[in-house]
>>> print(open('work-v1.csv').read())   # CSV, C-alpha atoms
chain,number,residue,atom,x,y,z
A,20,MET,CA,9.1,-1.4,-7.5
A,21,LEU,CA,5.7,-2.7,-6.5
A,22,ARG,CA,5.3,-6.3,-5.3
A,23,HIS,CA,1.9,-7.9,-5.7
A,24,VAL,CA,1.3,-10.9,-3.3
A,25,VAL,CA,-1.8,-13.1,-3.2
A,26,LEU,CA,-2.4,-16.2,-1.1
A,27,PHE,CA,-5.3,-18.4,-2.2
A,28,THR,CA,-7.2,-21.1,-0.3
A,29,TRP,CA,-9.2,-23.4,-2.5
A,30,SER,CA,-12.6,-25.0,-1.7
A,31,ASP,CA,-12.6,-28.5,-0.3
A,32,ASP,CA,-14.6,-29.7,-3.2
A,33,ALA,CA,-11.9,-28.6,-5.7
A,34,ASP,CA,-10.0,-31.8,-6.5
A,35,GLU,CA,-6.3,-32.0,-7.4
A,36,GLU,CA,-7.1,-31.9,-11.2
A,37,ARG,CA,-9.2,-28.7,-10.8
A,38,ARG,CA,-6.5,-27.0,-8.7
A,39,GLU,CA,-3.8,-28.0,-11.3
A,40,GLN,CA,-5.9,-26.4,-14.1
A,41,THR,CA,-6.2,-23.2,-12.1
A,42,LEU,CA,-2.5,-23.2,-11.4
A,43,ALA,CA,-1.8,-23.7,-15.1
A,44,ALA,CA,-4.1,-20.8,-16.0
A,45,LEU,CA,-2.3,-18.5,-13.4
A,46,ARG,CA,1.1,-19.6,-14.9
A,47,ARG,CA,0.0,-18.2,-18.3
A,48,LEU,CA,-0.4,-14.7,-16.9
A,49,PRO,CA,3.2,-13.5,-17.7
A,50,GLU,CA,2.7,-14.6,-21.3
A,51,GLU,CA,-1.0,-13.6,-21.8
A,52,VAL,CA,-1.0,-10.4,-19.7
A,53,GLY,CA,2.6,-9.4,-18.8
A,54,GLY,CA,3.9,-6.1,-17.4
A,55,MET,CA,5.7,-7.8,-14.5
A,56,THR,CA,9.5,-8.0,-14.1
A,57,SER,CA,9.2,-11.2,-12.1
A,58,PHE,CA,6.5,-13.7,-11.5
A,59,ALA,CA,6.2,-17.0,-9.5
A,60,VAL,CA,3.1,-18.9,-8.6
A,61,GLY,CA,3.0,-22.3,-7.0
A,62,PRO,CA,1.4,-24.7,-4.6
A,63,ASP,CA,2.2,-24.7,-0.9
A,64,ALA,CA,5.0,-27.1,-0.1
A,65,GLY,CA,3.0,-28.7,2.8
A,66,LEU,CA,5.6,-27.9,5.5
A,67,ARG,CA,3.2,-26.3,7.9
A,68,GLU,CA,-0.4,-27.0,9.0
A,69,GLY,CA,-2.9,-24.3,8.4
A,70,ASN,CA,-1.2,-22.7,5.4
A,71,ALA,CA,-3.0,-21.3,2.4
A,72,HIS,CA,-2.9,-23.5,-0.8
A,73,THR,CA,-1.2,-21.4,-3.5
A,74,ALA,CA,1.0,-18.3,-3.5
A,75,LEU,CA,1.5,-15.8,-6.3
A,76,VAL,CA,4.2,-13.1,-6.1
A,77,ALA,CA,4.7,-10.7,-9.0
A,78,ASP,CA,6.9,-7.6,-9.2
A,79,PHE,CA,6.0,-4.6,-11.3
A,80,PRO,CA,8.0,-1.5,-12.2
A,81,ASP,CA,5.4,0.8,-10.7
A,82,VAL,CA,1.8,1.1,-9.6
A,83,GLU,CA,0.6,1.9,-13.1
A,84,ALA,CA,2.1,-1.3,-14.5
A,85,TRP,CA,0.4,-3.3,-11.7
A,86,ARG,CA,-2.9,-1.5,-12.4
A,87,ARG,CA,-2.7,-2.4,-16.1
A,88,TYR,CA,-2.2,-6.0,-15.2
A,89,ALA,CA,-4.9,-6.0,-12.5
A,90,ASP,CA,-7.5,-4.5,-14.9
A,91,ASP,CA,-6.5,-6.4,-18.0
A,92,PRO,CA,-9.5,-8.3,-19.5
A,93,VAL,CA,-7.5,-11.5,-20.0
A,94,HIS,CA,-6.5,-11.4,-16.3
A,95,LEU,CA,-10.1,-10.8,-15.2
A,96,GLN,CA,-11.3,-13.6,-17.4
A,97,ILE,CA,-8.7,-16.0,-15.9
A,98,ILE,CA,-10.0,-15.0,-12.4
A,99,ALA,CA,-13.6,-15.5,-13.4
A,100,ASP,CA,-13.0,-18.8,-15.2
A,101,HIS,CA,-10.3,-20.5,-13.0
A,102,VAL,CA,-10.0,-18.7,-9.6
A,103,LYS,CA,-13.4,-17.6,-8.4
A,104,PRO,CA,-15.2,-21.0,-9.0
A,105,ILE,CA,-12.9,-22.8,-6.6
A,106,LEU,CA,-11.9,-19.9,-4.2
A,107,ALA,CA,-12.6,-20.4,-0.5
A,108,ALA,CA,-10.4,-17.5,0.7
A,109,ARG,CA,-8.0,-14.9,-0.7
A,110,SER,CA,-5.5,-12.6,1.1
A,111,ALA,CA,-3.5,-10.0,-0.8
A,112,VAL,CA,-1.0,-7.1,-0.3
A,113,GLN,CA,0.7,-4.8,-2.7
A,114,TYR,CA,3.9,-3.2,-1.2
A,115,GLU,CA,6.9,-1.3,-2.2
A,116,VAL,CA,10.1,-3.3,-2.4
B,9,MET,CA,14.8,-22.3,-3.7
B,10,LEU,CA,12.0,-22.1,-1.1
B,11,ARG,CA,10.0,-18.9,-0.9
B,12,HIS,CA,8.3,-18.1,2.4
B,13,VAL,CA,5.3,-15.8,2.2
B,14,VAL,CA,3.3,-14.4,5.1
B,15,LEU,CA,0.5,-11.8,5.0
B,16,PHE,CA,-0.4,-10.3,8.4
B,17,THR,CA,-3.6,-8.5,9.4
B,18,TRP,CA,-3.2,-6.4,12.5
B,19,SER,CA,-5.8,-5.8,15.3
B,20,ASP,CA,-7.9,-2.7,15.0
B,21,ASP,CA,-6.6,-1.6,18.4
B,22,ALA,CA,-2.9,-1.7,17.2
B,23,ASP,CA,-2.2,1.9,16.4
B,24,GLU,CA,0.2,3.2,13.8
B,25,GLU,CA,3.1,3.4,16.3
B,26,ARG,CA,2.6,-0.2,17.4
B,27,ARG,CA,2.5,-1.4,13.8
B,28,GLU,CA,5.7,0.5,13.0
B,29,GLN,CA,7.4,-1.1,15.9
B,30,THR,CA,6.4,-4.6,14.7
B,31,LEU,CA,7.5,-3.8,11.2
B,32,ALA,CA,10.9,-2.5,12.5
B,33,ALA,CA,11.3,-5.8,14.5
B,34,LEU,CA,10.5,-7.9,11.4
B,35,ARG,CA,13.0,-5.8,9.4
B,36,ARG,CA,15.8,-6.9,11.8
B,37,LEU,CA,15.2,-10.6,10.9
B,38,PRO,CA,17.9,-10.8,8.2
B,39,GLU,CA,20.5,-9.3,10.5
B,40,GLU,CA,19.4,-11.1,13.7
B,41,VAL,CA,18.5,-14.5,12.3
B,42,GLY,CA,19.6,-14.7,8.6
B,43,GLY,CA,19.7,-17.7,6.3
B,44,MET,CA,17.7,-16.1,3.5
B,45,THR,CA,19.0,-15.0,0.1
B,46,SER,CA,16.4,-12.2,-0.2
B,47,PHE,CA,14.0,-10.6,2.2
B,48,ALA,CA,11.4,-7.8,1.9
B,49,VAL,CA,8.8,-6.9,4.5
B,50,GLY,CA,6.5,-3.8,4.2
B,51,PRO,CA,3.1,-2.3,4.7
B,52,ASP,CA,0.3,-2.6,2.2
B,53,ALA,CA,0.3,0.3,-0.2
B,54,GLY,CA,-3.4,0.9,0.2
B,55,LEU,CA,-4.4,0.4,-3.4
B,56,ARG,CA,-7.1,-2.1,-2.8
B,57,GLU,CA,-9.9,-2.5,-0.2
B,58,GLY,CA,-9.9,-5.6,1.8
B,59,ASN,CA,-6.1,-6.3,1.7
B,60,ALA,CA,-4.0,-7.6,4.6
B,61,HIS,CA,-1.8,-5.0,6.3
B,62,THR,CA,1.7,-6.3,5.9
B,63,ALA,CA,3.6,-8.7,3.6
B,64,LEU,CA,6.8,-10.6,4.2
B,65,VAL,CA,8.5,-12.5,1.4
B,66,ALA,CA,11.8,-14.3,2.0
B,67,ASP,CA,13.7,-16.7,-0.2
B,68,PHE,CA,15.8,-19.6,1.3
B,69,PRO,CA,18.3,-21.9,-0.5
B,70,ASP,CA,16.4,-24.9,0.7
B,71,VAL,CA,13.8,-26.3,3.2
B,72,GLU,CA,16.5,-26.8,5.8
B,73,ALA,CA,17.6,-23.2,5.7
B,74,TRP,CA,14.0,-22.1,6.1
B,75,ARG,CA,13.5,-24.5,9.0
B,76,ARG,CA,16.5,-23.1,10.8
B,77,TYR,CA,15.1,-19.6,10.3
B,78,ALA,CA,11.5,-20.7,11.4
B,79,ASP,CA,12.8,-22.4,14.6
B,80,ASP,CA,15.5,-19.8,15.5
B,81,PRO,CA,14.9,-18.6,19.1
B,82,VAL,CA,15.5,-15.0,18.1
B,83,HIS,CA,12.8,-15.3,15.4
B,84,LEU,CA,10.4,-16.9,17.8
B,85,GLN,CA,11.0,-14.2,20.3
B,86,ILE,CA,10.2,-11.5,17.7
B,87,ILE,CA,7.0,-13.3,16.9
B,88,ALA,CA,6.1,-13.6,20.6
B,89,ASP,CA,7.0,-9.9,21.5
B,90,HIS,CA,6.0,-8.0,18.3
B,91,VAL,CA,3.7,-10.1,16.1
B,92,LYS,CA,1.3,-12.2,18.3
B,93,PRO,CA,0.2,-9.3,20.5
B,94,ILE,CA,-1.3,-7.3,17.6
B,95,LEU,CA,-2.1,-10.2,15.2
B,96,ALA,CA,-5.7,-10.5,14.0
B,97,ALA,CA,-5.1,-12.9,11.1
B,98,ARG,CA,-2.1,-14.5,9.4
B,99,SER,CA,-1.9,-16.4,6.0
B,100,ALA,CA,1.2,-18.2,4.9
B,101,VAL,CA,2.6,-20.4,2.1
B,102,GLN,CA,6.0,-21.9,1.5
B,103,TYR,CA,6.6,-22.8,-2.2
B,104,GLU,CA,9.3,-23.8,-4.6
B,105,VAL,CA,10.4,-21.0,-6.9
>>> encode(input="work-v1.csv", output="structure tokens")
Amino acid sequence: MLRHVVLFTWSDDADEERREQTLAALRRLPEEVGGMTSFAVGPDAGLREGNAHTALVADFPDVEAWRRYADDPVHLQIIADHVKPILAARSAVQYEV
Amino acid sequence: MLRHVVLFTWSDDADEERREQTLAALRRLPEEVGGMTSFAVGPDAGLREGNAHTALVADFPDVEAWRRYADDPVHLQIIADHVKPILAARSAVQYEV
């Protein structure tokens, strides 16, 4: 199984409402794109200084399923409309679990 | 449930053997520290340019269980001995799932 992990840090000028909109858009990915066997995106709990702002962890049956998700036009549109405009930094890993 | 996510980027001067040693040390965390209900650490699959090098995702029943893990002396020793010496960058999030 391939796990896809992304940690997002948002721009300082992205207010709470804008971040909530982006989170809501990311939460639609299982319904609008699919292909994953599990999916959880959410805001950092604020327990540690210096953390990123949002985590996304999604499991896929195999690399091909992840590629279909990654390249899906609906996914790319959500990134273009909701992620990129407020993105300060992004760190990602795909790994076998 | 609280999910703890860390993405590590290793120093260029940390060779494959050194990275393997660090990964092996991190893989001992469930046995040597515990407290999590699931745990998976592994190297990036190399599917995307610009990714971090290693991901760690661990689920804890609650914030207190995560804090016990985070502050455990054995955990801190593994970080000091195996992570910090080869760490170039680290990104983390704890979030409710």
>>> interface_residues(input="work-v1.csv", of="chain A", to="chain B", cutoff="9 Å", atoms="all atoms listed in the file", output="VMD selection string")
chain A and resid 21 24 to 26 59 to 67 69 to 74 76 82 110 to 116
>>> residues_around(input="work-v1.csv", residues="Arg38 of chain A", least_positions_apart="3", cutoff="9 Å", atoms="all atoms listed in the file", output="PDB file with C-alpha atoms, in the coordinates of the input")
ATOM      1  CA  TRP A  29      -9.200 -23.400  -2.500  1.00  0.00           C
ATOM      2  CA  ALA A  33     -11.900 -28.600  -5.700  1.00  0.00           C
ATOM      3  CA  ASP A  34     -10.000 -31.800  -6.500  1.00  0.00           C
ATOM      4  CA  GLU A  35      -6.300 -32.000  -7.400  1.00  0.00           C
ATOM      5  CA  THR A  41      -6.200 -23.200 -12.100  1.00  0.00           C
ATOM      6  CA  LEU A  42      -2.500 -23.200 -11.400  1.00  0.00           C
ATOM      7  CA  ALA A  43      -1.800 -23.700 -15.100  1.00  0.00           C
ATOM      8  CA  HIS A 101     -10.300 -20.500 -13.000  1.00  0.00           C
ATOM      9  CA  ILE A 105     -12.900 -22.800  -6.600  1.00  0.00           C
TER      10      ILE A 105
END
>>> residues_around(input="work-v1.csv", residues="Pro80 of chain A", least_positions_apart="2", cutoff="8 Å", atoms="all atoms listed in the file", output="compact mmCIF listing (two decimals) with C-alpha atoms, in the coordinates of the input")
# COMPACT_ATOMS: atom_id res chain seq x y z
CA MET A 20 9.10 -1.40 -7.50
CA LEU A 21 5.70 -2.70 -6.50
CA MET A 55 5.70 -7.80 -14.50
CA THR A 56 9.50 -8.00 -14.10
CA ASP A 78 6.90 -7.60 -9.20
CA VAL A 82 1.80 1.10 -9.60
CA ALA A 84 2.10 -1.30 -14.50
CA TRP A 85 0.40 -3.30 -11.70
>>> atom_distance(input="work-v1.csv", atom1="atom CA of Ser19 of chain B", atom2="atom CA of Ala88 of chain B")
15.2 Å
>>> closest_residue(input="work-v1.csv", among="A:Leu45, A:Glu39, A:Gly53, A:Asp32", to="Tyr88 of chain A", atoms="all atoms listed in the file")
A:Gly53
>>> atom_distance(input="work-v1.csv", atom1="atom CA of Leu84 of chain B", atom2="atom CA of Ala66 of chain B")
16.1 Å
>>> closest_residue(input="work-v1.csv", among="A:Val102, A:Val93, A:Ala107, A:Val52", to="Gln40 of chain A", atoms="all atoms listed in the file")
A:Val102
>>> atom_distance(input="work-v1.csv", atom1="atom CA of Ala78 of chain B", atom2="atom CA of Gly43 of chain B")
10.1 Å
